[in-house]
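S.K.: Here it is: the structure, laid out below.
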Amino acid sequence: MKTMIISSLTKKRWERFKSVKRGFVSFIILALMIFLSVFAELLINNRAIIVYYNGHLLFPTYSEMIPGKKFGLDYDYETNYRALEKKFRKEKNGNWLIMPPVPYNPFENDLKKGKYPPFPPSFKDRHFLGTDNVGRDILARVVYGFRTAIFFSLILLFLNYSMGISLGCIMGYFGGKFDLFFQRILEIWSNIPFLYVVIIISSIVVPNIMILVLIMAFFGWIQMTWVMRTMTYKEKERDYVLAARSLGASDLRIIFHHIIPNTVSVIVTYAPFAISGGIVALTSLDYLGFGLPAPTPSWGELLLQGWTNMDAWWISSSVVAALVITLVVVTFTGEGIREALDPKMHTIYE
Amino acid sequence: MNIDDSLVRVIRLKKYFPVYGGFFLRRRGWIYAVDDVSLEIKQGETLGIVGESGCGKTTLGRCIAGLYKPGAGKIVFQGQNISELNSVQLKAVRLKMQMIFQDPFESLNPRHTIGQILKEKYEIHNKILPDMDMEISGLLEKVGLSPDAMAKFPHEFSGGQRQRVGIARAVSLEPAMIVCDEPVSALDVSVQSQILNLLLKLQMEMGLTYVFISHDLSVVKHISDRIAVMYLGRIVEIADAPLIYETPCHPYTNALLSAIPVPVPGNRKKRIILKGEVPSPENPPRGCRFHTRCPFVQEICINEEPVLESVKNAGKNHYVACHFKDEIEFHT
């Protein structure tokens, strides 16, 4: 019953969101991109999806490392499935395997005798976007880099929002000296130079993704706090809050039942823009070399490679295209959400 | 004053709001919103409070409803001084004392359905019944809405319908008193009378006591048993409703009454136009607060503040704060 009731307004918003064509299409593309990147191991990997060997079906993608001996090869390290595929084809004894469309993982160097990478795009080698200057597949690095960037942004968003919403709400709701004090703290905090702190920290420790998220969140929560503070100030003066208080509602109840649900459109509207901000920030940090450590696939590192190898046009054009498409899609989704949540669209004055 | 039948006694209530300004937002002064008001509300009656905007009638109403803490003075509700209660006791009192707000577009949470809005009071006071939906539809029927309104959102209703929801919320769980803060002034004239009649009907059925705040004198006349006229945070005249309209004793009341439009064309009465503006409540005039605009102003009015006293010639229960209440005669 309850979900049914709530869905009536949500449904209207969803319809409205769907009617914003550009935003809706972008949303579908973005969702598809995230979905595919989550299962990137099945699409871009040097492990086979399915191996049929002597009457057994094996799924190496998500299983433990399978040594070459298992398939009658003469080595103990991880099976080279690309070679195995060729061997199976030659032997023709009923064994088979299915490789992903791009049979490389983002870390392996695919080198050729007598030539130096980067290699241009080649459909024969299934390097659809070519390789970088150490022979790693660019498509693989773009896709895995996207996964890193988007999840980095989502975790960052979550941290920033939880901090910003809770503190902003408390500041706006209780006001007074507490609010005044934290306003000054925020002003001082927002003047700490972000880049210097990142440089200092990454010169002391090699940042992994969690440390990087924490550093970014350390600076990122301020904006949301301001926004929530203002919104709470605005909402708490409205009569329905007073009405709730006259019913005997507690402060907590007023905050969680009345104020936060009424600021949700702002919270949701800011989210896509915060995500694209996160992606750009991570990319630029990686570009500057203060981001994730070396072999991690990242767009910033690819950009740097593209910049140093300008004649290998496929590197820079791939990563720039990926960046542009992602940011455009995220921004359009955000615009669509904003338009769908615009309260003026739903208020009919009779 | 007979204490036995009084539900609420307001004793020398004061409520000042600080005014901030300057470089460090220091307190610059006070707004004297309600300044030394005493009155008594009897069980089952409707007390109308009238006055122009900014005279403190809403503040008085909110103090009585326990939404503002009084700066000084006491509000005694059913024998309890509500400004001294702790939060648990106050919550219990809130159950008996409800409020209807002016703007029905603002007073309902736009993100909650009517069902959720009406259920909230039961949730807060842990009074959830096994058959809540029946209870809510009963409430909705009581205020003249159909039960399928429960699943709708406030924005799907007109102003009058929303105000009915506000009334349903106020009358649920059997309150003793309802403070109506301009409940009809945001509505169309045609809807106003429906809402007023609904309020009267509910009062008859449930034995409610109303504090009815309004700037519209004809609305107040329709609904009130007694009327208090406020000017700049003070009560200047308080009397039974017919007395106020027939024999006003305060020059301000007289001017206010003369401003009521007459619905008969051609039958124009002489309006008393007051000179000047209402003085700022931040800096109210000395002496009688009305002396800056009073047509009968004398020396004593500027220096001495009149007290609320009963009038000699008029009937009982007619109190006026004017030095010349027994002398001035208005030709109405």
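Following the order of the structure tokens, chains are lettered A, B, ..., residues in each are numbered from 1, and ligands are numbered from 1.
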Run DSSP on the backbone and grab whatever in region 56-160 of chain B lands in strand (DSSP E); send it over as a ChimeraX atom specification.
M.R.: /B:72-77,80-81,97-100
S.K.: Within 10 Å of chain A, which residues of chain B come that close, and what is the closest atom pair and distance in Å for each? Count only C-alpha atoms and give it as a Markdown table.
M.R.:
| residue | atom | partner | partner_atom | distance |
| --- | --- | --- | --- | --- |
| B:Arg62 | CA | A:Ser246 | CA | 9.2 |
| B:Ala65 | CA | A:Ser246 | CA | 7.4 |
| B:Gly66 | CA | A:Ser246 | CA | 7.6 |
| B:Leu67 | CA | A:Ser246 | CA | 6.4 |
| B:Ser87 | CA | A:Gly248 | CA | 9.1 |
| B:Val88 | CA | A:Gly248 | CA | 9.3 |
| B:Leu90 | CA | A:Gly248 | CA | 7.9 |
| B:Lys91 | CA | A:Gly248 | CA | 5.1 |
| B:Ala92 | CA | A:Gly248 | CA | 8.1 |
| B:Val93 | CA | A:Gly248 | CA | 8.8 |
| B:Arg94 | CA | A:Gly248 | CA | 5.9 |
| B:Leu95 | CA | A:Leu247 | CA | 6.9 |
| B:Lys96 | CA | A:Leu247 | CA | 9.7 |
| B:Met97 | CA | A:Ser246 | CA | 8.2 |
| B:Gln98 | CA | A:Ser246 | CA | 6.6 |
| B:Met99 | CA | A:Ser246 | CA | 6.8 |
| B:Ile100 | CA | A:Ala243 | CA | 8.1 |
| B:Phe101 | CA | A:Asp239 | CA | 7.4 |
| B:Gln102 | CA | A:Asp239 | CA | 8.8 |
| B:Asp103 | CA | A:Asp239 | CA | 7.8 |
| B:Pro104 | CA | A:Asp239 | CA | 8.9 |
| B:Phe105 | CA | A:Asp239 | CA | 9.0 |
| B:Glu106 | CA | A:Asp239 | CA | 5.4 |
| B:Ser107 | CA | A:Tyr240 | CA | 4.0 |
| B:Leu108 | CA | A:Tyr240 | CA | 5.1 |
| B:Asn109 | CA | A:Tyr240 | CA | 5.4 |
| B:Pro110 | CA | A:Asn262 | CA | 7.7 |
| B:Arg111 | CA | A:Asn262 | CA | 6.7 |
| B:His112 | CA | A:Ile6 | CA | 8.2 |
| B:Thr113 | CA | A:Ile5 | CA | 7.4 |
| B:Gly115 | CA | A:Ile5 | CA | 9.3 |
| B:Gln116 | CA | A:Lys2 | CA | 9.4 |
| B:Ile117 | CA | A:Ala244 | CA | 9.2 |
| B:Glu120 | CA | A:Leu247 | CA | 8.2 |
| B:Lys121 | CA | A:Leu247 | CA | 5.9 |
| B:Tyr122 | CA | A:Leu247 | CA | 9.4 |
| B:Glu123 | CA | A:Ala249 | CA | 9.3 |
| B:Ile124 | CA | A:Ala249 | CA | 6.1 |
| B:His125 | CA | A:Gly248 | CA | 7.8 |
| B:Met150 | CA | A:Ile5 | CA | 9.1 |
| B:Ala151 | CA | A:Ile5 | CA | 5.8 |
| B:Lys152 | CA | A:Ile5 | CA | 7.7 |
| B:Phe153 | CA | A:Leu9 | CA | 8.1 |
| B:Pro154 | CA | A:Thr347 | CA | 9.6 |
| B:His155 | CA | A:Thr347 | CA | 6.0 |
| B:Glu156 | CA | A:Ile348 | CA | 7.7 |
| B:Phe157 | CA | A:Glu350 | CA | 8.5 |
| B:Ser158 | CA | A:Glu350 | CA | 6.2 |
| B:Gly159 | CA | A:Glu350 | CA | 8.1 |
| B:Gly166 | CA | A:Ala243 | CA | 9.1 |
| B:Arg169 | CA | A:Leu247 | CA | 8.8 |
| B:Ala170 | CA | A:Leu247 | CA | 8.3 |
S.K.: Which distance in Å separates CA of Tyr20 (chain B) and CA of Asp179 (chain A), to one decimal?
M.R.: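 So the two atoms, CA of Tyr20 (chain B) and CA of Asp179 (chain A), lie 15.8 Å apart.
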S.K.: Given only C-alpha atoms as the basis, pick out the residue of B:Leu243, B:Val10, B:Val264, B:Leu232 nearest to Val320 (chain B).
M.R.: B:Leu243
S.K.: Considering only C-alpha atoms, can you say which of B:Glu277, B:Glu282, B:Glu305, B:Glu174 comes closest to Tyr32 (chain B)?
M.R.: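 Closest to Tyr32 (chain B) of all the choices is B:Glu282.
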